[in-house]
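Asker: I am attaching a structure below and will ask some questions about it afterwards.
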Amino acid sequence: MFGAAITEGFIHNQPFNVDLMWDGYVRLLHGDPSLLVGLSFSVPLILILLTHELGHYVACMKWGVKASLPYFMPSPTLLGTLGAFIRIRSPIYTRKSLFDIGVSGPIAGFVALIPFLVIGVALSRVVPGIAVKGDFSFGTPLILRLAEMARFPGISADDISLHPIARAAWAGLLATAINLLPIGQLDGGHILYAFFSKVHRTLSRVFAALLLPLGLLFYKPWILWAVALFFLGTRHPLIYDQTPLDNRRVGLGIAALLIFFLSFSLVPVRW
């Protein structure tokens, strides 16, 4: 439904209209085949989320950790999905395996979204002021802005109508950035624990608290994230292995940090 609303707006050079999304449910009940245009958004997004989770799954298989195949969480509102996850069903015993399982998902998902980002931005078009005229305005992560500048030199992000494929890549970037927050049992939290297990909980609370000023200054939902993660999401299962990570994994950790900064947006969505 969300993909159809995004696509129809793009076709007619109009901003995202939330009413089109709700109308989509009525059209679905009537079997309207025109909703299939939404696949240009939903298929790339599902592939990005699937690749992210399969990155975790393959790393679990490599280390002999039992895990489920991915579960996808639908959402009746914005984006149409709350993402995906796998269930890890056996303990993780070593820092190396924890790191590999934590970092593999974000890197795999990020690599998977790059082609969609490039293709989607190439298919986008200039429509003056379109980004701030609709029911929602969407943030612009750094890597998306770099792609826009390469495709449309000198054009403001507010004047670029993103193709639905590019919007799917944007949603993948949002999922990547949230997962890489270095807090608790998020992917970034696993990476943090692999490097700094003794102070993981303290650092998790510090990073959760840092979301408060972001919420006060830029985007109020960060306050909700801060409170929820501070009180509910800073714990991590103990791993007693103290073997230091090798240089290759240190390099991958730095790459994950770079991916976080390329994917993060201070204001992901504004009403």
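Each chain in the structure tokens gets a letter, A, B, ..., in the order shown, and its residues are numbered from 1; ligands are numbered from 1 in order too.
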Give me every strand (DSSP E) residue in region 75-227 of chain A, going by DSSP on the backbone, as a PyMOL selection string.

Answerer: chain A and resi 81-85+125-126+137-138+160-161

Asker: Write out the residues from the selection above, keeping N, CA and C atoms, as an mmCIF file, in the first residue's frame.

Answerer:
```cif
data_model
loop_
_atom_site.group_PDB
_atom_site.id
_atom_site.type_symbol
_atom_site.label_atom_id
_atom_site.label_comp_id
_atom_site.auth_asym_id
_atom_site.auth_seq_id
_atom_site.Cartn_x
_atom_site.Cartn_y
_atom_site.Cartn_z
ATOM 1 N N THR A 81 6.327 -1.662 6.777
ATOM 2 C CA THR A 81 7.062 -2.706 7.478
ATOM 3 C C THR A 81 7.778 -2.120 8.687
ATOM 4 N N LEU A 82 7.917 -2.952 9.702
ATOM 5 C CA LEU A 82 8.734 -2.603 10.865
ATOM 6 C C LEU A 82 10.081 -3.315 10.809
ATOM 7 N N GLY A 83 10.409 -3.864 9.650
ATOM 8 C CA GLY A 83 11.707 -4.514 9.480
ATOM 9 C C GLY A 83 11.604 -6.018 9.608
ATOM 10 N N ALA A 84 12.737 -6.648 9.870
ATOM 11 C CA ALA A 84 12.815 -8.105 9.965
ATOM 12 C C ALA A 84 13.823 -8.469 11.046
ATOM 13 N N PHE A 85 13.784 -9.719 11.481
ATOM 14 C CA PHE A 85 14.731 -10.176 12.491
ATOM 15 C C PHE A 85 14.867 -11.687 12.412
ATOM 16 N N ARG A 125 13.891 12.509 -10.483
ATOM 17 C CA ARG A 125 13.732 13.711 -11.317
ATOM 18 C C ARG A 125 13.648 14.959 -10.438
ATOM 19 N N VAL A 126 13.820 16.103 -11.064
ATOM 20 C CA VAL A 126 13.754 17.382 -10.366
ATOM 21 C C VAL A 126 12.328 17.923 -10.429
ATOM 22 N N SER A 137 7.773 14.780 5.131
ATOM 23 C CA SER A 137 9.057 15.043 4.480
ATOM 24 C C SER A 137 10.054 14.046 5.048
ATOM 25 N N PHE A 138 10.913 13.558 4.189
ATOM 26 C CA PHE A 138 11.846 12.503 4.555
ATOM 27 C C PHE A 138 13.250 13.064 4.665
ATOM 28 N N ILE A 160 14.178 17.357 -5.294
ATOM 29 C CA ILE A 160 14.389 16.073 -5.958
ATOM 30 C C ILE A 160 13.266 15.116 -5.586
ATOM 31 N N SER A 161 12.568 14.625 -6.591
ATOM 32 C CA SER A 161 11.533 13.619 -6.405
ATOM 33 C C SER A 161 12.182 12.247 -6.556
#
```

Asker: Using DSSP on the backbone, list every residue of region 24-256 of chain A that comes out as alpha helix (DSSP H), and give them as a VMD selection string.

Answerer: chain A and resid 24 to 29 39 to 62 95 to 123 142 to 151 164 to 179 187 to 195 200 to 217 221 to 232 247 to 256

Asker: Write out as a tab-separated table a residue-level contact list of region 30-118 of chain A versus region 234-246 of chain A with cut-off 8 Å: for each qualifying residue the closest pair of atoms and the distance in Å to one decimal, counting only C-alpha atoms, rows sorted by chain and residue number upward.

Answerer:
```
residue	atom	partner	partner_atom	distance
A:Ile92	CA	A:Ile239	CA	7.3
A:Tyr93	CA	A:Ile239	CA	5.8
A:Thr94	CA	A:Asp241	CA	5.3
A:Arg95	CA	A:Asp241	CA	6.1
A:Lys96	CA	A:Leu245	CA	6.5
```

Asker: Taking N, CA and C atoms for each residue, export the selection above as a PDB file, in the first residue's frame.

Answerer:
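And here's part-v3.pdb as it stands now:
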```pdb
ATOM      1  N   ILE A  92      25.960 -17.667  22.350  1.00  0.00           N
ATOM      2  CA  ILE A  92      27.149 -17.245  21.606  1.00  0.00           C
ATOM      3  C   ILE A  92      28.302 -17.221  22.614  1.00  0.00           C
ATOM      4  N   TYR A  93      29.368 -17.957  22.316  1.00  0.00           N
ATOM      5  CA  TYR A  93      30.391 -18.184  23.328  1.00  0.00           C
ATOM      6  C   TYR A  93      31.648 -17.335  23.160  1.00  0.00           C
ATOM      7  N   THR A  94      31.921 -16.813  21.972  1.00  0.00           N
ATOM      8  CA  THR A  94      33.183 -16.117  21.754  1.00  0.00           C
ATOM      9  C   THR A  94      32.955 -14.708  21.241  1.00  0.00           C
ATOM     10  N   ARG A  95      33.925 -13.841  21.500  1.00  0.00           N
ATOM     11  CA  ARG A  95      33.837 -12.452  21.034  1.00  0.00           C
ATOM     12  C   ARG A  95      33.861 -12.398  19.503  1.00  0.00           C
ATOM     13  N   LYS A  96      34.691 -13.264  18.891  1.00  0.00           N
ATOM     14  CA  LYS A  96      34.781 -13.249  17.431  1.00  0.00           C
ATOM     15  C   LYS A  96      33.449 -13.631  16.795  1.00  0.00           C
TER      16      LYS A  96
END
```

Asker: Find the residues around region 184-195 of chain A up to 9 Å (only C-alpha atoms counted), leave out those fewer than 5 positions away in its own chain, and share them as a PyMOL selection string.

Answerer: chain A and resi 94-106+178-179+200-201+203-205+229-230+232-237+239+244-245+250+253+256-257

Asker: Extract, using only C-alpha atoms, all DNA, RNA and protein residues at most 10 Å from Thr77 (chain A), discarding same-chain residues fewer than 3 positions from it, and format them as a ChimeraX atom specification.

Answerer: /A:1-2,18,21-22,74,80-82

Asker: Report, in Å with one decimal, the straight-line distance from CA of Gly38 (chain A) to CA of Pro15 (chain A).

Answerer: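 We find that CA of Gly38 (chain A) and CA of Pro15 (chain A) lie 15.2 Å from each other.
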
Asker: Might you pull out every residue within 10 Å of Val118 (chain A), with only C-alpha atoms counted and same-chain residues fewer than 6 positions away left off, and present them as an NGL selection string?

Answerer: :A and (144 or 147-148 or 151 or 165-166 or 169)

Asker: Do you have the CA of Gly154 (chain A)-CA of Val111 (chain A) distance handy?

Answerer: 27.0 Å

Asker: Of the candidates A:Ser90, A:Ser34, A:Gln14, A:Ser40, which one gets nearest to Val132 (chain A) if we count only C-alpha atoms?

Answerer: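 The answer is A:Gln14, which sits nearest to Val132 (chain A).
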
Asker: Excluding region 215-225 of chain A and any residue of its chain fewer than 6 positions from it, enumerate the residues within 9 Å of it, using only C-alpha atoms, and give them as a list of chain:residue names.

Answerer: A:Ala208, A:Ala209, A:Leu266, A:Val267, A:Pro268, A:Val269, A:Arg270

Asker: Looking at A:Ala108, A:Val58, A:Leu262, A:Leu39, which one is nearest to Leu146 (chain A), with distances taken over only C-alpha atoms?

Answerer: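 Comparing A:Ala108, A:Val58, A:Leu262, A:Leu39 against Leu146 (chain A), the winner is A:Leu262.
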
Asker: With distances taken over only C-alpha atoms, which of A:Leu214, A:Ile130, A:Leu79, A:Trp271 is nearest to Ala168 (chain A)?

Answerer: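 So, comparing all the options, the nearest one is A:Leu79.
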
Asker: Point out the residue among A:Ile11, A:Ala67, A:Ala112, A:Ala157 with the least atom-to-atom distance to Pro44 (chain A), counting only C-alpha atoms.

Answerer: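 Selected residue with least distance to Pro44 (chain A): A:Ala112.
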
Asker: Quick one: everything within 9 Å of Leu20 (chain A), counting only C-alpha atoms, minus sequence neighbours fewer than 6 positions away in the same chain. Send it as a PyMOL selection string.

Answerer: chain A and resi 1-2+4-6+8-9
